[in-house]
Structures are given as C-alpha cells and as structure tokens.
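> Once you've had a glance at the structure underneath, I'll fire off some questions.
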Amino acid sequence: MIQAGIKGRLEQTVTPEMSAARVGSGLVDVFATPMMVALIEQTCYESVLPYLDEGQGTVGTLVNVAHTAATPIGMRVWCESELVEVDRRRLVFKVKAFDECGPIGEGTHERFIIDTAKFFEKVKAKS
C-alpha cells in the first residue's frame with residue numbers, strides 16, 4: 001500500500017541533448033526546463049514503483065515547478081521527491097532539483113495510479 005513519506009532521488013549528468021537549444025525550449029546550451037520536468041517525473045514514478053500492485057502504473061497529470069537557476073552542460077543534476085499526499089489513486093509529491101552549486105528548481109507533481117491494461121484500452125479506442 002502506498003503511503004505518504006516515500007522518498008526518491010535520481011541523478012544524471014547534463015548532456016548536450018538535454019540543453020534548451022536541443023529540445024527546442026530556448027536558444028542556450030543549459031539544462032532545459034522540459035528535461036528538469038522529465039527528471040522530476042521519473043524520480044516520482046520510480047519512487048513508488050515498488051509499492052504498486054502487479055498490473056498497475058502511474059501517469060503524470062500535473063507539474064507545478066519553478067526552474068530557478070541555469071545548469072551548464074557536463075554538470076550533475078538530481079531530483080529529490082517526497083510523497084506528501086495520497087488521495088485514493090491521486091499521488092502528490094513535493095519535489096526539489098539541484099545541481100552541484102545548489103538548488104535549481106522546486107514545486108509539486110501529481111500522478112495517478114492506473115490499471116495499465118485498462119489505460120491502454122482507452123488509448124487504443126482513440127485511434
């Protein structure tokens with residue numbers, strides 16, 4: 001059973017492919033905001049994965065974060081998450097992102113627990 005208090009942490013090194021110039025979110029070669037959001041989602045997802053029942057997954061539904069500092073290519077970045085609220089299938093995480101010099105972002109992220117097979121049935125029905 002998933003309960004508040006679950007923590008997660010993921011780390012990566014910023015590559016040129018993760019830059020704002022490469023992902024289309026800006027013109028500069030620094031860690032892109034969409035890549036920080038992807039790191040946040042992955043951190044939260046992986047933190048609760050061991051607590052899900054077989055056949056379950058989670059999907060991101062809301063991201064509310066501020067990207068407060070630029071990170072150059074080649075520097076390590078990481079995200080720390082904490083599950084702060086569980087409302088039936090809705091999971092709310094507090095998230096913070098860092099680079100080797102300090103904080104680079106923070107906010108909240110929400111995910112919903114899904115039955116993977118049912119989810120893909122609904123997606124397939126759209127096509």
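How things are named: the first chain in the structure tokens is A, the next is B, and so on; residues count from 1 in each chain; ligands count from 1 in the order shown.
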Name the residues of range 28-83 of chain A that come out as strand (DSSP E or B) in a backbone DSSP run; write them as a list in words.
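Strand (DSSP E or B) assignments inside range 28-83 of chain A correspond to Val30, Phe31, Gln56, Gly57, Thr58, Val59, Gly60, Thr61, Leu62, Val63, Asn64, Val65, Ala66, His67, Pro72, Arg76, Val77, Trp78, Cys79, Glu80, Ser81, Glu82 and Leu83 of chain A.
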> For the residues in that selection, give me C-alpha atoms as a short mmCIF file (atom, residue, chain, number, x, y, z; two decimals), in the first residue's frame.

data_model
loop_
_atom_site.label_atom_id
_atom_site.label_comp_id
_atom_site.auth_asym_id
_atom_site.auth_seq_id
_atom_site.Cartn_x
_atom_site.Cartn_y
_atom_site.Cartn_z
CA VAL A 30 21.98 24.86 -20.49
CA PHE A 31 19.84 22.18 -18.81
CA GLN A 56 -0.55 -1.00 -12.06
CA GLY A 57 1.43 2.02 -13.16
CA THR A 58 1.26 5.75 -12.69
CA VAL A 59 0.80 8.63 -15.10
CA GLY A 60 1.76 12.24 -14.57
CA THR A 61 -1.17 14.65 -14.53
CA LEU A 62 0.16 17.91 -13.11
CA VAL A 63 3.54 19.60 -12.80
CA ASN A 64 3.87 22.91 -10.98
CA VAL A 65 7.55 23.79 -10.70
CA ALA A 66 9.81 26.79 -10.89
CA HIS A 67 13.15 26.43 -12.70
CA PRO A 72 25.77 24.08 -17.70
CA ARG A 76 25.50 16.71 -12.36
CA VAL A 77 21.83 17.36 -11.55
CA TRP A 78 19.49 15.45 -9.28
CA CYS A 79 15.93 15.46 -8.06
CA GLU A 80 14.65 14.63 -4.61
CA SER A 81 10.98 13.80 -4.16
CA GLU A 82 8.70 13.07 -1.25
CA LEU A 83 5.18 11.70 -1.49
#
> Would you list the contacts of Met75 in chain A as a VMD selection string, taking every protein, DNA or RNA residue within 9 Å and counting only C-alpha atoms, but skipping same-chain residues closer than 3 positions in sequence?
chain A and resid 12 to 15 71 to 72 99 to 100
> Between A:Thr33, A:Thr68, A:Thr116, A:Gln42, which residue has the minimum interatomic distance to Arg9 in chain A, considering only C-alpha atoms?
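Among the listed residues, the smallest separation from Arg9 in chain A belongs to A:Gln42.
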> Just asking: which residues within range 8-57 of chain A are alpha helix (DSSP H) according to DSSP, as a list in words?
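After running DSSP on the backbone, range 8-57 of chain A has alpha helix (DSSP H) at Ala20, Ala21, Arg22, Val23, Thr33, Pro34, Met35, Met36, Val37, Ala38, Leu39, Ile40, Glu41, Gln42, Thr43, Cys44, Tyr45, Glu46, Ser47 and Val48 of chain A.
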> Please produce a file of those selected residues containing C-alpha atoms, as an mmCIF file, in the first residue's frame.

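The result, written out as again_19.cif:
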data_model
loop_
_atom_site.group_PDB
_atom_site.id
_atom_site.type_symbol
_atom_site.label_atom_id
_atom_site.label_comp_id
_atom_site.auth_asym_id
_atom_site.auth_seq_id
_atom_site.Cartn_x
_atom_site.Cartn_y
_atom_site.Cartn_z
ATOM 1 C CA ALA A 20 17.340 24.073 -24.154
ATOM 2 C CA ALA A 21 18.801 24.647 -27.623
ATOM 3 C CA ARG A 22 18.475 20.946 -28.496
ATOM 4 C CA VAL A 23 14.994 20.280 -27.110
ATOM 5 C CA THR A 33 13.271 23.070 -18.248
ATOM 6 C CA PRO A 34 11.497 20.184 -20.056
ATOM 7 C CA MET A 35 14.429 17.931 -19.124
ATOM 8 C CA MET A 36 14.172 19.005 -15.480
ATOM 9 C CA VAL A 37 10.461 18.160 -15.593
ATOM 10 C CA ALA A 38 11.284 14.748 -17.104
ATOM 11 C CA LEU A 39 13.778 14.113 -14.289
ATOM 12 C CA ILE A 40 11.108 15.090 -11.731
ATOM 13 C CA GLU A 41 8.532 12.750 -13.284
ATOM 14 C CA GLN A 42 10.984 9.854 -13.447
ATOM 15 C CA THR A 43 12.086 10.369 -9.843
ATOM 16 C CA CYS A 44 8.499 10.335 -8.575
ATOM 17 C CA TYR A 45 7.462 7.401 -10.753
ATOM 18 C CA GLU A 46 10.395 5.244 -9.728
ATOM 19 C CA SER A 47 9.966 6.083 -6.045
ATOM 20 C CA VAL A 48 6.507 4.485 -5.853
#
> Select, from A:Gly55, A:Gly107, A:Gly102, A:Gly74, the residue with the minimum atom-to-atom distance to Phe120 in chain A, counting only C-alpha atoms.
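Looking only at the distances to Phe120 in chain A, the closest residue turns out to be A:Gly55.
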> Taking only C-alpha atoms into account, which of A:Leu27, A:Ile73, A:Val95, A:Cys101 comes nearest Lys7 in chain A?
A:Val95
> To one decimal in Å, tell me the separation between CA of Thr108 in chain A and CA of Leu91 in chain A.
10.4 Å
> Any idea what's packed within 12 Å of Arg88 in chain A, counting only C-alpha atoms, ignoring anything in its chain fewer than 6 positions away? Could you give it as a JSON list (two decimals) with C-alpha atoms, in the first residue's frame?

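Printed below is part_2.json as written:
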[["chain", "number", "residue", "atom", "x", "y", "z"],
["A", 1, "MET", "CA", 0.00, 0.00, 0.00],
["A", 2, "ILE", "CA", 1.28, 3.43, -0.90],
["A", 3, "GLN", "CA", 1.56, 5.87, 1.99],
["A", 4, "ALA", "CA", 2.88, 9.41, 2.35],
["A", 111, "ARG", "CA", 0.46, 11.33, -10.57],
["A", 112, "PHE", "CA", -2.49, 8.94, -10.76],
["A", 113, "ILE", "CA", -2.34, 5.21, -10.21],
["A", 114, "ILE", "CA", -3.71, 3.39, -13.25]]
> May I ask for the distance between CA of Ser19 in chain A and CA of Ala69 in chain A, given in Å to one decimal place?
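Pair CA of Ser19 in chain A / CA of Ala69 in chain A returns 13.6 Å.
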> Please indicate the distance in Å from CA of Ala97 in chain A to CA of Glu110 in chain A, rounded to one decimal place.
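Spanning CA of Ala97 in chain A to CA of Glu110 in chain A is a straight-line distance of 16.0 Å.
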